[in-house]
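Visitor: Quick one: the structure is below, questions incoming.
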Amino acid sequence: MVQRVKKALLLTGLFVFTFGLWLLPSSRGQNQRDAFSRWRPTRELTGVRYVGSTACAQCHAQQTAKRLANSMSRALAPVDSCEILKTHPRLNFSNGPYNYQIAREGNRSVYTITDGLNSISEPILYCFGQGKAGQTYVFRHQGVFYESRVSYYQEIQGLDFTIIHPRSVPQSLEDGLGRPMTMEAARGCFACHSTAAVSNAQLQLDHLMPGVTCEGCHGPGGNHTAAIKAGSKNLQVFNPAKLEADELSQEFCGACHVGFEKALLMPKQGGANNLRYQPYRIFNSRGHSGDARMSCVTCHDPHDELAEDAAFYDSKCLACHLATRNQAKTIARSAPACPVSKQQCTTCHMPKIELPGGHAKFTDHWIRIVKPGEAIPN
Ligand code: HEC
Ligand code: HEC
Ligand code: HEC
Ligand code: HEC
Ligand code: HEC
Ligand code: HEC
Ligand code: HEC
């Protein structure tokens, strides 16, 4: 606990320091450059135009080539192009006297809840999540955005309660519909699952680009493409490679995947759900933060598909850990060797754990020795 508090203070210190610098006066050119270096995903950078990933592809073929393989690019779909709803034209679920139905009608899908006598129907606007684990639906009811009470889960190829939503029988049709969202909450959802949905602090869904696009991570590209064409040295684009390792994990990827500080603000650090907060989990893992070689991009290329073969990760671990006990330590490789195995490290030390009610397993990024019968640390 003491260690955690220390880390929190350290992070707060860093924040005050960076924020303090931001307040210092500087020239206009410097300001623009700083605007990009201070930028983080999900935040808005006012006054800079988005150009779309196709524009980036013209000059950055390497990063673009595999991009579509990464599910982040498919984190949201407008209902007309939503694959799951196209291939599952009728989905049903019942809860006590209430029945839910999602039915395809042409290129739209209608979400209905009925008690047999009365019903409420709303057209779905967006499908959230590509559906690797599941997919949740967002619609509008009486002018307010709602998150559907039921979601599609890959494992059961059907509907069940949306994670964290109450599983009890609702009080009324209205109550059973889903979770009404404040404007702030809705903005948050779109900011993590799509790009350019927010301008001037308002949701502007007509500007939305589905999924996390190049500009979702590198900031709006209008100035950059103009700067390149003008031969300017100020590239005006956010380059996460320049971040410190922990900043990259906690502030950059953590803007969406939930960093340590963000999790601390939640009741019980988000409870069981914090298994999904990889930046938070890894921050707590002894020996696995505060090293320049250790960040999310050590193991994941955000421009490529997720590697699912455990052997892929062995070399990452063995960059720091010795492979056998009698191997000589070097400055780079000084972390202890495993007495049990020389390979498939993640299968034992990053176990896959079922999220309660989630019909899916998540990889625990709290790298540790897992003792049989021991509770999952929080
Ligand atoms: C007209 C060509 C062109 C277009 C279009 C373009 N870039 Fe670039 N970009 C470059 C060049 C040239 C560089 C500098 C050399 C390099 O690092 O590849 C660069 C550098 C970068 C960098 C590294 C910046 C740094 O500080 O080192 C990033 C990140 C980047 N571009 C992202 C993007 C994104 C995202 C888009 C689309 C919004 C985009 N680029 C569109 C040509 C382009
Ligand atoms: C703007 C928000 C955002 C940022 C920034 C972001 N992610 Fe993601 N990421 C997502 C969302 C949303 C998903 C879920 C996509 C889905 O399954 O629909 C995801 C999924 C993933 C996956 C799972 C891929 C799979 O096939 O299962 C990995 C790995 C990942 N992100 C790594 C990273 C890393 C590493 C970074 C930082 C370099 C990062 N993300 C930054 C939003 C983001
Ligand atoms: C702080 C950023 C953030 C917000 C806000 C957010 N998400 Fe996500 N969401 C993610 C990330 C990151 C992932 C991928 C990792 C995971 O599954 O936990 C994800 C995953 C998902 C998945 C599973 C995707 C899959 O392919 O299995 C669904 C469904 C989902 N989100 C729905 C929503 C909905 C609906 C909202 C709001 C109404 C929302 N999310 C708000 C970041 C966010
Ligand atoms: C989920 C976040 C994410 C998305 C989406 C993303 N990038 Fe990146 N990009 C990064 C990170 C993180 C780095 C730094 C990687 C590193 O340090 O290894 C990077 C590095 C780069 C660089 C190289 C900068 C350098 O210094 O070498 C370029 C160019 C680039 N990205 C372009 C793109 C383009 C084009 C797209 C869209 C096709 C894209 N990126 C989508 C996170 C992202
Ligand atoms: C030491 C290696 C390592 C590091 C560092 C790492 N991951 Fe992972 N990550 C993995 C492994 C292994 C998997 C599981 C791959 C598989 O089998 O599907 C994974 C899976 C994921 C997934 C898919 C959902 C899940 O839980 O299975 C997401 C999202 C993700 N990582 C995000 C991140 C983020 C964000 C960071 C930075 C905080 C990060 N990872 C750092 C090794 C790593
Ligand atoms: C950047 C270097 C680095 C990387 C990469 C790394 N580790 Fe470690 N690891 C350490 C250090 C340092 C310690 C702490 C050693 C100590 O003080 O005893 C540690 C500790 C551990 C421990 C013991 C934890 C405990 O609570 O006792 C395990 C298990 C472990 N690492 C497994 C892994 C696995 C598996 C991977 C790859 C998925 C990995 N490590 C990647 C540096 C690293
Ligand atoms: C079959 C499961 C399994 C695999 C695979 C595995 N480990 Fe372990 N590892 C363990 C167990 C169990 C312990 C605890 C042993 C003990 O305390 O006697 C351990 C201990 C450790 C320790 C702590 C050592 C110490 O002296 O404190 C580290 C570090 C570690 N493993 C890293 C790794 C790395 C790196 C890999 C891959 C090269 C790996 N492990 C593969 C099960 C495994």
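Identifiers for the structure tokens are assigned positionally: chains receive A, B, ... in sequence, residues are indexed from 1 per chain, and ligands are indexed from 1 in the order shown.
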Can you tell me which residues sit at most 7 Å away from ligand 5, counting only C-alpha atoms and all ligand atoms, written as a ChimeraX atom specification?

Guide: /A:249-250,253-254,257,276,278-279,282,294-300,306-310,313,316-317,346,350,352,361-365

Visitor: For the contact check between chain A and ligand 3, emit one row per residue of chain A within 6 Å, containing the shortest atom pair and the distance in Å rounded to one decimal, counting only C-alpha atoms and all ligand atoms, chain then rising number order, as CSV.

Guide:
residue,atom,partner,partner_atom_place_in_ligand_line,distance
A:Phe128,CA,ligand 3,32 (C),4.8
A:Gly129,CA,ligand 3,24 (C),3.6
A:Gln130,CA,ligand 3,26 (O),4.1
A:Gly131,CA,ligand 3,26 (O),3.6
A:Lys132,CA,ligand 3,26 (O),3.7
A:Ala133,CA,ligand 3,27 (O),3.2
A:Gly134,CA,ligand 3,27 (O),4.0
A:Gln135,CA,ligand 3,29 (C),3.7
A:Thr136,CA,ligand 3,29 (C),4.4
A:Glu147,CA,ligand 3,38 (C),5.2
A:Gly188,CA,ligand 3,5 (C),4.3
A:Cys189,CA,ligand 3,41 (C),3.7
A:Cys192,CA,ligand 3,2 (C),4.4
A:Cys256,CA,ligand 3,2 (C),3.8
A:His257,CA,ligand 3,12 (C),4.0
A:Arg276,CA,ligand 3,18 (O),4.5

Visitor: Quick one: residues within 12 Å of Cys56 of chain A, only C-alpha atoms, excluding same-chain residues fewer than 6 positions away - as a PDB file with all heavy atoms, in the first residue's frame?

Guide:
ATOM      1  N   TYR A  50      -9.078  16.899 -38.945  1.00  0.00           N
ATOM      2  CA  TYR A  50      -8.815  15.470 -39.164  1.00  0.00           C
ATOM      3  C   TYR A  50      -8.800  15.203 -40.668  1.00  0.00           C
ATOM      4  O   TYR A  50      -9.574  15.807 -41.411  1.00  0.00           O
ATOM      5  CB  TYR A  50      -9.917  14.625 -38.523  1.00  0.00           C
ATOM      6  CG  TYR A  50      -9.805  14.541 -37.014  1.00  0.00           C
ATOM      7  CD1 TYR A  50     -10.439  15.479 -36.189  1.00  0.00           C
ATOM      8  CD2 TYR A  50      -9.063  13.527 -36.411  1.00  0.00           C
ATOM      9  CE1 TYR A  50     -10.328  15.399 -34.813  1.00  0.00           C
ATOM     10  CE2 TYR A  50      -8.959  13.442 -35.026  1.00  0.00           C
ATOM     11  CZ  TYR A  50      -9.593  14.377 -34.234  1.00  0.00           C
ATOM     12  OH  TYR A  50      -9.486  14.300 -32.871  1.00  0.00           O
ATOM     13  N   GLN A  62       3.908   1.263 -44.186  1.00  0.00           N
ATOM     14  CA  GLN A  62       4.284   0.228 -43.220  1.00  0.00           C
ATOM     15  C   GLN A  62       3.302   0.147 -42.050  1.00  0.00           C
ATOM     16  O   GLN A  62       2.830  -0.937 -41.695  1.00  0.00           O
ATOM     17  CB  GLN A  62       5.680   0.539 -42.700  1.00  0.00           C
ATOM     18  CG  GLN A  62       6.380  -0.650 -42.069  1.00  0.00           C
ATOM     19  CD  GLN A  62       7.477  -0.184 -41.133  1.00  0.00           C
ATOM     20  OE1 GLN A  62       8.078   0.871 -41.318  1.00  0.00           O
ATOM     21  NE2 GLN A  62       7.734  -0.976 -40.105  1.00  0.00           N
ATOM     22  N   GLN A  63       3.002   1.306 -41.458  1.00  0.00           N
ATOM     23  CA  GLN A  63       2.095   1.316 -40.303  1.00  0.00           C
ATOM     24  C   GLN A  63       0.663   0.984 -40.713  1.00  0.00           C
ATOM     25  O   GLN A  63      -0.114   0.504 -39.910  1.00  0.00           O
ATOM     26  CB  GLN A  63       2.100   2.682 -39.604  1.00  0.00           C
ATOM     27  CG  GLN A  63       3.261   2.888 -38.660  1.00  0.00           C
ATOM     28  CD  GLN A  63       4.499   3.367 -39.395  1.00  0.00           C
ATOM     29  OE1 GLN A  63       4.466   3.612 -40.602  1.00  0.00           O
ATOM     30  NE2 GLN A  63       5.600   3.477 -38.681  1.00  0.00           N
ATOM     31  N   THR A  64       0.326   1.304 -41.949  1.00  0.00           N
ATOM     32  CA  THR A  64      -1.055   1.139 -42.376  1.00  0.00           C
ATOM     33  C   THR A  64      -1.365  -0.284 -42.824  1.00  0.00           C
ATOM     34  O   THR A  64      -2.472  -0.772 -42.644  1.00  0.00           O
ATOM     35  CB  THR A  64      -1.398   2.113 -43.515  1.00  0.00           C
ATOM     36  OG1 THR A  64      -0.808   3.375 -43.205  1.00  0.00           O
ATOM     37  CG2 THR A  64      -2.891   2.307 -43.645  1.00  0.00           C
ATOM     38  N   ALA A  65      -0.335  -0.950 -43.402  1.00  0.00           N
ATOM     39  CA  ALA A  65      -0.560  -2.250 -44.036  1.00  0.00           C
ATOM     40  C   ALA A  65      -1.336  -3.227 -43.148  1.00  0.00           C
ATOM     41  O   ALA A  65      -2.320  -3.820 -43.577  1.00  0.00           O
ATOM     42  CB  ALA A  65       0.769  -2.849 -44.446  1.00  0.00           C
ATOM     43  N   ARG A  67      -2.739  -2.522 -40.209  1.00  0.00           N
ATOM     44  CA  ARG A  67      -3.583  -1.818 -39.260  1.00  0.00           C
ATOM     45  C   ARG A  67      -4.979  -2.428 -39.099  1.00  0.00           C
ATOM     46  O   ARG A  67      -5.492  -2.555 -37.993  1.00  0.00           O
ATOM     47  CB  ARG A  67      -3.671  -0.349 -39.700  1.00  0.00           C
ATOM     48  CG  ARG A  67      -4.533   0.533 -38.865  1.00  0.00           C
ATOM     49  CD  ARG A  67      -3.902   0.821 -37.533  1.00  0.00           C
ATOM     50  NE  ARG A  67      -4.948   1.161 -36.592  1.00  0.00           N
ATOM     51  CZ  ARG A  67      -5.010   0.696 -35.378  1.00  0.00           C
ATOM     52  NH1 ARG A  67      -4.102  -0.121 -34.932  1.00  0.00           N
ATOM     53  NH2 ARG A  67      -5.988   1.043 -34.582  1.00  0.00           N
ATOM     54  N   THR A 213      -8.631   5.255 -35.046  1.00  0.00           N
ATOM     55  CA  THR A 213      -7.902   5.413 -36.308  1.00  0.00           C
ATOM     56  C   THR A 213      -6.490   5.935 -36.013  1.00  0.00           C
ATOM     57  O   THR A 213      -6.150   6.212 -34.865  1.00  0.00           O
ATOM     58  CB  THR A 213      -8.616   6.425 -37.223  1.00  0.00           C
ATOM     59  OG1 THR A 213      -8.484   7.723 -36.617  1.00  0.00           O
ATOM     60  CG2 THR A 213     -10.095   6.100 -37.375  1.00  0.00           C
ATOM     61  N   CYS A 214      -5.700   6.106 -37.065  1.00  0.00           N
ATOM     62  CA  CYS A 214      -4.336   6.664 -36.898  1.00  0.00           C
ATOM     63  C   CYS A 214      -4.407   7.935 -36.053  1.00  0.00           C
ATOM     64  O   CYS A 214      -3.619   8.151 -35.134  1.00  0.00           O
ATOM     65  CB  CYS A 214      -3.723   7.050 -38.235  1.00  0.00           C
ATOM     66  SG  CYS A 214      -3.759   5.791 -39.513  1.00  0.00           S
ATOM     67  N   GLU A 215      -5.365   8.794 -36.377  1.00  0.00           N
ATOM     68  CA  GLU A 215      -5.453  10.089 -35.709  1.00  0.00           C
ATOM     69  C   GLU A 215      -5.992   9.978 -34.281  1.00  0.00           C
ATOM     70  O   GLU A 215      -5.819  10.889 -33.481  1.00  0.00           O
ATOM     71  CB  GLU A 215      -6.308  11.044 -36.547  1.00  0.00           C
ATOM     72  CG  GLU A 215      -5.617  11.422 -37.862  1.00  0.00           C
ATOM     73  CD  GLU A 215      -6.547  12.117 -38.836  1.00  0.00           C
ATOM     74  OE1 GLU A 215      -7.470  11.413 -39.345  1.00  0.00           O
ATOM     75  OE2 GLU A 215      -6.387  13.314 -39.071  1.00  0.00           O
ATOM     76  N   HIS A 218      -2.488   9.512 -32.880  1.00  0.00           N
ATOM     77  CA  HIS A 218      -1.445  10.493 -33.223  1.00  0.00           C
ATOM     78  C   HIS A 218      -1.954  11.923 -33.280  1.00  0.00           C
ATOM     79  O   HIS A 218      -1.190  12.832 -33.568  1.00  0.00           O
ATOM     80  CB  HIS A 218      -0.788  10.107 -34.549  1.00  0.00           C
ATOM     81  CG  HIS A 218       0.010   8.832 -34.450  1.00  0.00           C
ATOM     82  ND1 HIS A 218       1.185   8.768 -33.751  1.00  0.00           N
ATOM     83  CD2 HIS A 218      -0.236   7.581 -34.915  1.00  0.00           C
ATOM     84  CE1 HIS A 218       1.652   7.517 -33.816  1.00  0.00           C
ATOM     85  NE2 HIS A 218       0.801   6.783 -34.504  1.00  0.00           N
ATOM     86  N   GLY A 219      -3.242  12.112 -33.026  1.00  0.00           N
ATOM     87  CA  GLY A 219      -3.824  13.453 -33.065  1.00  0.00           C
ATOM     88  C   GLY A 219      -4.255  13.804 -34.485  1.00  0.00           C
ATOM     89  O   GLY A 219      -3.835  13.158 -35.449  1.00  0.00           O
ATOM     90  N   PRO A 220      -5.105  14.822 -34.601  1.00  0.00           N
ATOM     91  CA  PRO A 220      -5.599  15.206 -35.923  1.00  0.00           C
ATOM     92  C   PRO A 220      -4.442  15.559 -36.860  1.00  0.00           C
ATOM     93  O   PRO A 220      -3.471  16.195 -36.446  1.00  0.00           O
ATOM     94  CB  PRO A 220      -6.491  16.415 -35.635  1.00  0.00           C
ATOM     95  CG  PRO A 220      -6.173  16.853 -34.249  1.00  0.00           C
ATOM     96  CD  PRO A 220      -5.626  15.668 -33.529  1.00  0.00           C
ATOM     97  N   GLY A 221      -4.550  15.109 -38.126  1.00  0.00           N
ATOM     98  CA  GLY A 221      -3.392  15.155 -39.027  1.00  0.00           C
ATOM     99  C   GLY A 221      -3.337  16.312 -40.010  1.00  0.00           C
ATOM    100  O   GLY A 221      -2.411  16.392 -40.815  1.00  0.00           O
ATOM    101  N   GLY A 222      -4.327  17.221 -39.944  1.00  0.00           N
ATOM    102  CA  GLY A 222      -4.374  18.311 -40.923  1.00  0.00           C
ATOM    103  C   GLY A 222      -3.094  19.130 -40.980  1.00  0.00           C
ATOM    104  O   GLY A 222      -2.538  19.352 -42.067  1.00  0.00           O
ATOM    105  N   HIS A 224      -0.116  18.277 -39.896  1.00  0.00           N
ATOM    106  CA  HIS A 224       1.036  17.428 -40.216  1.00  0.00           C
ATOM    107  C   HIS A 224       1.202  17.292 -41.730  1.00  0.00           C
ATOM    108  O   HIS A 224       2.290  17.533 -42.263  1.00  0.00           O
ATOM    109  CB  HIS A 224       0.854  16.056 -39.566  1.00  0.00           C
ATOM    110  CG  HIS A 224       1.875  15.030 -39.945  1.00  0.00           C
ATOM    111  ND1 HIS A 224       3.230  15.215 -39.762  1.00  0.00           N
ATOM    112  CD2 HIS A 224       1.743  13.790 -40.506  1.00  0.00           C
ATOM    113  CE1 HIS A 224       3.876  14.130 -40.189  1.00  0.00           C
ATOM    114  NE2 HIS A 224       2.997  13.263 -40.646  1.00  0.00           N
ATOM    115  N   THR A 225       0.125  16.926 -42.397  1.00  0.00           N
ATOM    116  CA  THR A 225       0.232  16.740 -43.848  1.00  0.00           C
ATOM    117  C   THR A 225       0.625  18.066 -44.513  1.00  0.00           C
ATOM    118  O   THR A 225       1.458  18.081 -45.412  1.00  0.00           O
ATOM    119  CB  THR A 225      -1.074  16.170 -44.450  1.00  0.00           C
ATOM    120  OG1 THR A 225      -2.173  16.757 -43.777  1.00  0.00           O
ATOM    121  CG2 THR A 225      -1.169  14.686 -44.258  1.00  0.00           C
ATOM    122  N   ALA A 226       0.071  19.163 -44.014  1.00  0.00           N
ATOM    123  CA  ALA A 226       0.432  20.470 -44.566  1.00  0.00           C
ATOM    124  C   ALA A 226       1.911  20.764 -44.298  1.00  0.00           C
ATOM    125  O   ALA A 226       2.635  21.221 -45.197  1.00  0.00           O
ATOM    126  CB  ALA A 226      -0.444  21.560 -43.955  1.00  0.00           C
ATOM    127  N   ILE A 228       4.385  18.624 -43.832  1.00  0.00           N
ATOM    128  CA  ILE A 228       5.242  17.760 -44.665  1.00  0.00           C
ATOM    129  C   ILE A 228       5.323  18.354 -46.072  1.00  0.00           C
ATOM    130  O   ILE A 228       6.406  18.490 -46.645  1.00  0.00           O
ATOM    131  CB  ILE A 228       4.681  16.314 -44.740  1.00  0.00           C
ATOM    132  CG1 ILE A 228       4.681  15.654 -43.361  1.00  0.00           C
ATOM    133  CG2 ILE A 228       5.446  15.467 -45.763  1.00  0.00           C
ATOM    134  CD1 ILE A 228       6.027  15.300 -42.798  1.00  0.00           C
ATOM    135  N   VAL A 237       2.681  16.454 -35.298  1.00  0.00           N
ATOM    136  CA  VAL A 237       1.941  15.211 -35.126  1.00  0.00           C
ATOM    137  C   VAL A 237       2.444  14.621 -33.819  1.00  0.00           C
ATOM    138  O   VAL A 237       3.588  14.882 -33.424  1.00  0.00           O
ATOM    139  CB  VAL A 237       2.179  14.261 -36.328  1.00  0.00           C
ATOM    140  CG1 VAL A 237       3.631  13.764 -36.390  1.00  0.00           C
ATOM    141  CG2 VAL A 237       1.217  13.092 -36.326  1.00  0.00           C
TER     142      VAL A 237
END

Visitor: Step by step, measure atom-to-atom distances between ligand 7 and each residue using only C-alpha atoms and all ligand atoms, keep those at most 6 Å, then write them as a VMD selection string.

Guide: chain A and resid 314 317 to 318 321 323 336 to 345 347 to 348 369

Visitor: Restrict the selected residues to N, CA, C and O atoms and save them as a PDB file, in the first residue's frame.

Guide:
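The result, written out as again04.pdb:
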ATOM      1  N   ASP A 314       8.080 -14.890 -25.041  1.00  0.00           N
ATOM      2  CA  ASP A 314       9.235 -15.371 -24.268  1.00  0.00           C
ATOM      3  C   ASP A 314      10.451 -14.449 -24.382  1.00  0.00           C
ATOM      4  O   ASP A 314      11.095 -14.122 -23.381  1.00  0.00           O
ATOM      5  N   CYS A 317      10.310 -11.420 -22.114  1.00  0.00           N
ATOM      6  CA  CYS A 317      10.624 -11.679 -20.704  1.00  0.00           C
ATOM      7  C   CYS A 317      12.124 -11.905 -20.545  1.00  0.00           C
ATOM      8  O   CYS A 317      12.745 -11.423 -19.594  1.00  0.00           O
ATOM      9  N   LEU A 318      12.678 -12.643 -21.509  1.00  0.00           N
ATOM     10  CA  LEU A 318      14.088 -13.032 -21.381  1.00  0.00           C
ATOM     11  C   LEU A 318      15.049 -11.893 -21.735  1.00  0.00           C
ATOM     12  O   LEU A 318      16.262 -12.053 -21.631  1.00  0.00           O
ATOM     13  N   HIS A 321      15.051 -11.261 -17.800  1.00  0.00           N
ATOM     14  CA  HIS A 321      15.228 -12.418 -16.916  1.00  0.00           C
ATOM     15  C   HIS A 321      16.257 -13.379 -17.489  1.00  0.00           C
ATOM     16  O   HIS A 321      16.293 -13.599 -18.696  1.00  0.00           O
ATOM     17  N   ALA A 323      17.707 -17.046 -18.297  1.00  0.00           N
ATOM     18  CA  ALA A 323      16.971 -18.237 -18.704  1.00  0.00           C
ATOM     19  C   ALA A 323      17.224 -19.396 -17.739  1.00  0.00           C
ATOM     20  O   ALA A 323      16.354 -20.240 -17.527  1.00  0.00           O
ATOM     21  N   PRO A 336      15.914 -12.443 -11.924  1.00  0.00           N
ATOM     22  CA  PRO A 336      16.153 -13.867 -11.649  1.00  0.00           C
ATOM     23  C   PRO A 336      15.555 -14.816 -12.695  1.00  0.00           C
ATOM     24  O   PRO A 336      14.589 -14.479 -13.374  1.00  0.00           O
ATOM     25  N   ALA A 337      16.156 -15.989 -12.785  1.00  0.00           N
ATOM     26  CA  ALA A 337      15.664 -17.028 -13.688  1.00  0.00           C
ATOM     27  C   ALA A 337      14.518 -17.785 -13.022  1.00  0.00           C
ATOM     28  O   ALA A 337      14.403 -17.805 -11.798  1.00  0.00           O
ATOM     29  N   CYS A 338      13.715 -18.405 -13.863  1.00  0.00           N
ATOM     30  CA  CYS A 338      12.590 -19.195 -13.350  1.00  0.00           C
ATOM     31  C   CYS A 338      13.078 -20.592 -12.995  1.00  0.00           C
ATOM     32  O   CYS A 338      13.740 -21.232 -13.797  1.00  0.00           O
ATOM     33  N   PRO A 339      12.751 -21.075 -11.803  1.00  0.00           N
ATOM     34  CA  PRO A 339      13.178 -22.429 -11.453  1.00  0.00           C
ATOM     35  C   PRO A 339      12.317 -23.507 -12.120  1.00  0.00           C
ATOM     36  O   PRO A 339      12.627 -24.685 -12.011  1.00  0.00           O
ATOM     37  N   VAL A 340      11.266 -23.104 -12.805  1.00  0.00           N
ATOM     38  CA  VAL A 340      10.309 -24.081 -13.319  1.00  0.00           C
ATOM     39  C   VAL A 340      10.404 -24.300 -14.831  1.00  0.00           C
ATOM     40  O   VAL A 340      10.336 -25.437 -15.304  1.00  0.00           O
ATOM     41  N   SER A 341      10.557 -23.221 -15.600  1.00  0.00           N
ATOM     42  CA  SER A 341      10.490 -23.388 -17.052  1.00  0.00           C
ATOM     43  C   SER A 341      11.310 -22.335 -17.785  1.00  0.00           C
ATOM     44  O   SER A 341      11.567 -21.252 -17.252  1.00  0.00           O
ATOM     45  N   LYS A 342      11.700 -22.663 -19.007  1.00  0.00           N
ATOM     46  CA  LYS A 342      12.464 -21.733 -19.832  1.00  0.00           C
ATOM     47  C   LYS A 342      11.629 -21.145 -20.948  1.00  0.00           C
ATOM     48  O   LYS A 342      12.113 -20.427 -21.806  1.00  0.00           O
ATOM     49  N   GLN A 343      10.387 -21.541 -21.011  1.00  0.00           N
ATOM     50  CA  GLN A 343       9.547 -21.060 -22.114  1.00  0.00           C
ATOM     51  C   GLN A 343       8.080 -20.924 -21.713  1.00  0.00           C
ATOM     52  O   GLN A 343       7.710 -21.315 -20.607  1.00  0.00           O
ATOM     53  N   GLN A 344       7.288 -20.371 -22.637  1.00  0.00           N
ATOM     54  CA  GLN A 344       5.840 -20.205 -22.422  1.00  0.00           C
ATOM     55  C   GLN A 344       5.557 -19.461 -21.115  1.00  0.00           C
ATOM     56  O   GLN A 344       4.622 -19.804 -20.382  1.00  0.00           O
ATOM     57  N   CYS A 345       6.383 -18.456 -20.841  1.00  0.00           N
ATOM     58  CA  CYS A 345       6.327 -17.743 -19.559  1.00  0.00           C
ATOM     59  C   CYS A 345       4.923 -17.224 -19.233  1.00  0.00           C
ATOM     60  O   CYS A 345       4.461 -17.305 -18.095  1.00  0.00           O
ATOM     61  N   THR A 347       2.009 -18.237 -19.945  1.00  0.00           N
ATOM     62  CA  THR A 347       0.942 -19.192 -19.603  1.00  0.00           C
ATOM     63  C   THR A 347       0.806 -19.366 -18.090  1.00  0.00           C
ATOM     64  O   THR A 347      -0.287 -19.641 -17.604  1.00  0.00           O
ATOM     65  N   CYS A 348       1.909 -19.223 -17.351  1.00  0.00           N
ATOM     66  CA  CYS A 348       1.817 -19.356 -15.884  1.00  0.00           C
ATOM     67  C   CYS A 348       1.793 -18.009 -15.163  1.00  0.00           C
ATOM     68  O   CYS A 348       1.138 -17.872 -14.137  1.00  0.00           O
ATOM     69  N   ILE A 369       3.960 -14.565  -9.523  1.00  0.00           N
ATOM     70  CA  ILE A 369       3.908 -16.004  -9.264  1.00  0.00           C
ATOM     71  C   ILE A 369       2.492 -16.300  -8.788  1.00  0.00           C
ATOM     72  O   ILE A 369       2.041 -15.742  -7.789  1.00  0.00           O
TER      73      ILE A 369
END

Visitor: Out of segment 200-352 of chain A, which residues get strand (DSSP E or B) from DSSP, as a VMD selection string?

Guide: chain A and resid 202 to 203 209 to 210 321 335 352

Visitor: Would you save the residues of that selection, restricted to N, CA and C atoms, as a short mmCIF file (atom, residue, chain, number, x, y, z; two decimals), in the first residue's frame?

Guide:
data_model
loop_
_atom_site.label_atom_id
_atom_site.label_comp_id
_atom_site.auth_asym_id
_atom_site.auth_seq_id
_atom_site.Cartn_x
_atom_site.Cartn_y
_atom_site.Cartn_z
N GLN A 202 -18.39 19.07 -27.57
CA GLN A 202 -19.72 18.52 -27.86
C GLN A 202 -19.59 17.27 -28.71
N LEU A 203 -20.53 16.34 -28.52
CA LEU A 203 -20.57 15.18 -29.41
C LEU A 203 -21.02 15.64 -30.79
N MET A 209 -15.39 9.10 -36.90
CA MET A 209 -14.77 8.04 -37.69
C MET A 209 -14.78 6.80 -36.81
N PRO A 210 -15.37 5.70 -37.29
CA PRO A 210 -15.50 4.52 -36.44
C PRO A 210 -14.13 3.94 -36.05
N HIS A 321 15.05 -11.26 -17.80
CA HIS A 321 15.23 -12.42 -16.92
C HIS A 321 16.26 -13.38 -17.49
N ALA A 335 17.47 -9.85 -13.86
CA ALA A 335 16.30 -10.35 -13.13
C ALA A 335 16.42 -11.88 -13.04
N LYS A 352 -4.94 -16.36 -17.88
CA LYS A 352 -6.19 -15.83 -18.45
C LYS A 352 -7.31 -16.13 -17.46
#

Visitor: A:Gly47, A:Gly211, A:Gly106, A:Gly116: which is nearest ligand 4, counting only C-alpha atoms and all ligand atoms?

Guide: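 Of the candidates, the smallest distance to ligand 4 is held by A:Gly211.
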